[in-house]
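Engineer: The structure's right below; bear with me while I get my questions together.
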Amino acid sequence: MILDNFNLKGKTAIVTGCSTGLGQGICLGMAEAGAKVVGVDYIDAPETEEKIKKAGGEFLGIKANLLTIDPIQGIIEKTLETFGSLDILVNNAGIIRREDSINFSEKDWDDVMNINIKTVFFFCQAAGKQFMKQGKGGKIVNIASMLSFQGGIRVPSYTASKSGVMGLTRLLACEWAKDNINVNAIAPGYMDTNNTEQLRKDPKRSAEILGRIPADRWGLPLDVAGPAVFLASSAADYINGYTLAVDGGWLAR
């Protein structure tokens with residue numbers, strides 16, 4: 001049955017940025033598809049854990065600050081110690097800083113680049129090594145952005161980092177496809193999450209954004225959870241190096 005190819009039963013997935021928003025939605029989607037979920041965030045994620053366990057799923061929460069790459073190996077070791085293997089990595093954690101480029105600070109540049117692209121690469125590298133060691137392949141899903149395709153306004157480090165995520169996804173797919181490792185990305189459109197709170201509170205900017213989205217609404221975590229499960233499943237075995245826009249039609253207009 002084709003639906004069996006979407007099943008993640010027996011798989012273990014690490015999802016970063018798990019406490020709210022898209023990360024929480026992806027965690028729930030992975031768990032509902034049968035995966036054991038390791039949720040990583042710089043704060044505790046009791047709501048995510050409660051929702052997964054209430055639905056009968058398995059969840060391990062790990063508190064770690066991914067502004068540096070120091071916690072990565074420990075996260076993987078804890079995952080293996082608890083669940084025995086690693087099969088899926090979702091690099092969702094990220095931050096954004098808004099300021100005119102003429103005034104943008106080095107700290108805001110470095111903080112965003114560190115978590116949005118440096119940590120993403122080294123987490124992919126660590127997961128890739130584990131996948132190769134296990135010898136059965138694996139799936140990596142990176143979270144890109146509309147600004148992987150476009151320039152944006154007042155978010156120079158975010159645009160640079162998310163453009164880098166799309167390029168890195170392609171490169172790793174080219175290198176690791178021979179090892180049965182699929183590396184893809186999802187580029188969410190304008191989502192109702194913490195990162196867009198300032199935009200949604202600005203009536204003029206919010207109206208401009210909604211006016212361009214054919215779906216005529218902000219996206220929700222559930223809108224990203226399904227594509228993430230798909231890319232993490234065997235149904236997507238022949239998809240590699242692709243960035244899937246989940247944007248309500250934003251890029252089509």
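Ordered as shown in the structure tokens, chains take letters A, B, and onward, while each chain numbers its residues from 1 and ligands are numbered from 1 in the order shown.
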Enumerate, as a ChimeraX atom specification, the complete set of residues in stretch 26-128 of chain A that a backbone-based DSSP assignment places in strand (DSSP E).

Structural biologist: /A:36-41,59-63,88-91

Engineer: Could you work out how far atom CA of A:Leu168 lies from atom CA of A:Ile69, giving the answer in Å with one decimal?

Structural biologist: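 These atoms are spaced 16.8 Å apart.
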
Engineer: Within 12 Å of A:Lys118, counting only C-alpha atoms, which residues qualify if same-chain residues fewer than 6 places away don't, as a ChimeraX atom specification?

Structural biologist: /A:66-70,72,91,93-94,110-112,124-125,160-162,164-165,168

Engineer: Put those residues in a file: C-alpha atoms, as a tab-separated table (two decimals), in the first residue's frame.

Structural biologist:
chain	number	residue	atom	x	y	z
A	66	LEU	CA	22.42	25.91	19.38
A	67	LEU	CA	24.03	29.34	18.98
A	68	THR	CA	27.19	27.21	19.20
A	69	ILE	CA	27.92	23.77	17.80
A	70	ASP	CA	29.16	22.47	21.17
A	72	ILE	CA	25.56	18.67	18.84
A	91	ASN	CA	17.09	21.48	11.32
A	93	ALA	CA	15.92	26.06	14.99
A	94	GLY	CA	16.63	29.59	13.82
A	110	ASP	CA	27.03	36.60	13.84
A	111	ASP	CA	24.18	35.36	16.06
A	112	VAL	CA	21.89	34.69	13.10
A	124	CYS	CA	24.02	17.72	9.19
A	125	GLN	CA	27.64	16.59	9.30
A	160	ALA	CA	22.12	35.37	3.76
A	161	SER	CA	21.71	32.41	6.11
A	162	LYS	CA	18.55	31.07	4.50
A	164	GLY	CA	22.92	29.40	2.41
A	165	VAL	CA	20.56	26.71	3.69
A	168	LEU	CA	24.02	23.68	1.47

Engineer: Skipping near chain neighbours, those fewer than 3 positions away, what residues fall within 12 Å of A:Pro188 using only C-alpha atoms, listed as a JSON list (two decimals) with C-alpha atoms, in the first residue's frame?

Structural biologist:
[["chain", "number", "residue", "atom", "x", "y", "z"],
["A", 21, "GLY", "CA", 5.55, 27.08, 16.18],
["A", 22, "LEU", "CA", 6.78, 25.11, 13.20],
["A", 23, "GLY", "CA", 9.12, 22.97, 15.30],
["A", 92, "ASN", "CA", 14.32, 23.87, 12.29],
["A", 142, "ASN", "CA", 16.44, 21.68, 6.62],
["A", 143, "ILE", "CA", 14.09, 24.60, 7.15],
["A", 144, "ALA", "CA", 14.81, 27.29, 4.59],
["A", 145, "SER", "CA", 12.61, 30.36, 3.89],
["A", 146, "MET", "CA", 10.98, 32.49, 1.23],
["A", 147, "LEU", "CA", 14.16, 34.53, 1.64],
["A", 148, "SER", "CA", 16.12, 31.61, 0.24],
["A", 149, "PHE", "CA", 14.55, 32.78, -3.04],
["A", 162, "LYS", "CA", 18.55, 31.07, 4.50],
["A", 185, "ALA", "CA", 14.61, 21.55, 2.61],
["A", 191, "MET", "CA", 3.72, 31.63, 8.95],
["A", 192, "ASP", "CA", 1.83, 32.49, 12.11],
["A", 193, "THR", "CA", 4.85, 31.98, 14.42],
["A", 195, "ASN", "CA", 9.37, 35.03, 13.99],
["A", 196, "THR", "CA", 6.58, 36.91, 12.21],
["A", 218, "TRP", "CA", -0.91, 33.09, 7.13],
["A", 219, "GLY", "CA", 0.44, 29.56, 7.20],
["A", 220, "LEU", "CA", 0.12, 27.29, 10.23],
["A", 221, "PRO", "CA", 2.51, 24.71, 11.75],
["A", 222, "LEU", "CA", 0.27, 21.92, 10.44],
["A", 223, "ASP", "CA", 0.90, 23.16, 6.90],
["A", 224, "VAL", "CA", 4.60, 22.35, 7.30],
["A", 225, "ALA", "CA", 4.23, 19.16, 9.35],
["A", 227, "PRO", "CA", 5.61, 18.02, 3.95],
["A", 228, "ALA", "CA", 8.22, 17.36, 6.67],
["A", 243, "THR", "CA", 13.80, 23.01, -1.52],
["A", 244, "LEU", "CA", 10.02, 22.71, -1.34],
["A", 245, "ALA", "CA", 8.13, 25.98, -0.96],
["A", 246, "VAL", "CA", 5.15, 25.70, 1.41],
["A", 247, "ASP", "CA", 3.86, 29.21, 0.91],
["A", 248, "GLY", "CA", 0.16, 29.34, 0.01],
["A", 249, "GLY", "CA", 1.17, 30.30, -3.53],
["A", 250, "TRP", "CA", 3.41, 33.28, -2.59],
["A", 251, "LEU", "CA", 6.14, 32.46, -5.13]]

Engineer: When distances are computed from only C-alpha atoms, which of A:Ile153, A:Leu28, A:Ala215, A:Ile75 shows the smallest separation from A:Leu199?

Structural biologist: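 Using only C-alpha atoms, the shortest distance to A:Leu199 belongs to A:Ile153.
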
Engineer: For A:Ile43, find every residue with an atom within 12 Å (counting only C-alpha atoms), except residues of its own chain fewer than 2 positions away, and show them as a list in words.

Structural biologist: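 Those residues are Thr16, Gly17, Cys18, Ser19, Thr20, Gly39, Val40, Asp41, Ala45, Pro46, Glu47, Thr48, Gly61, Ile62, Lys63, Ala64, Asn65, Leu66 and Ala93 of chain A.
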
Engineer: Using DSSP on the backbone coordinates, identify all residues within stretch 31-251 of chain A classified as alpha helix (DSSP H); present the result as JSON, numbers by chain.

Structural biologist: {"A": [31, 32, 46, 47, 48, 49, 50, 51, 52, 53, 54, 72, 73, 74, 75, 76, 77, 78, 79, 80, 81, 82, 83, 106, 107, 108, 109, 110, 111, 112, 113, 119, 120, 121, 122, 123, 124, 125, 126, 127, 128, 129, 130, 131, 132, 133, 134, 156, 157, 158, 159, 160, 161, 162, 163, 164, 165, 166, 167, 168, 169, 170, 171, 172, 173, 174, 175, 176, 197, 198, 199, 200, 201, 203, 204, 205, 206, 207, 208, 209, 210, 211, 212, 221, 222, 223, 224, 225, 226, 227, 228, 229, 230, 231, 232]}

Engineer: What is the atom CA of A:Asn184-atom CA of A:Gly57 distance in Å, reported with one decimal?

Structural biologist: 25.1 Å

Engineer: Which residue is closest to A:Leu171? Choose from A:Phe131, A:Asn240, A:Gln198, A:Thr82 and count only C-alpha atoms.

Structural biologist: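 Result for the nearest residue to A:Leu171: A:Asn240.
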
Engineer: Rounded to one decimal in Å, what is the spacing between atom CA of A:Met30 and atom CA of A:Ile186?

Structural biologist: 15.0 Å
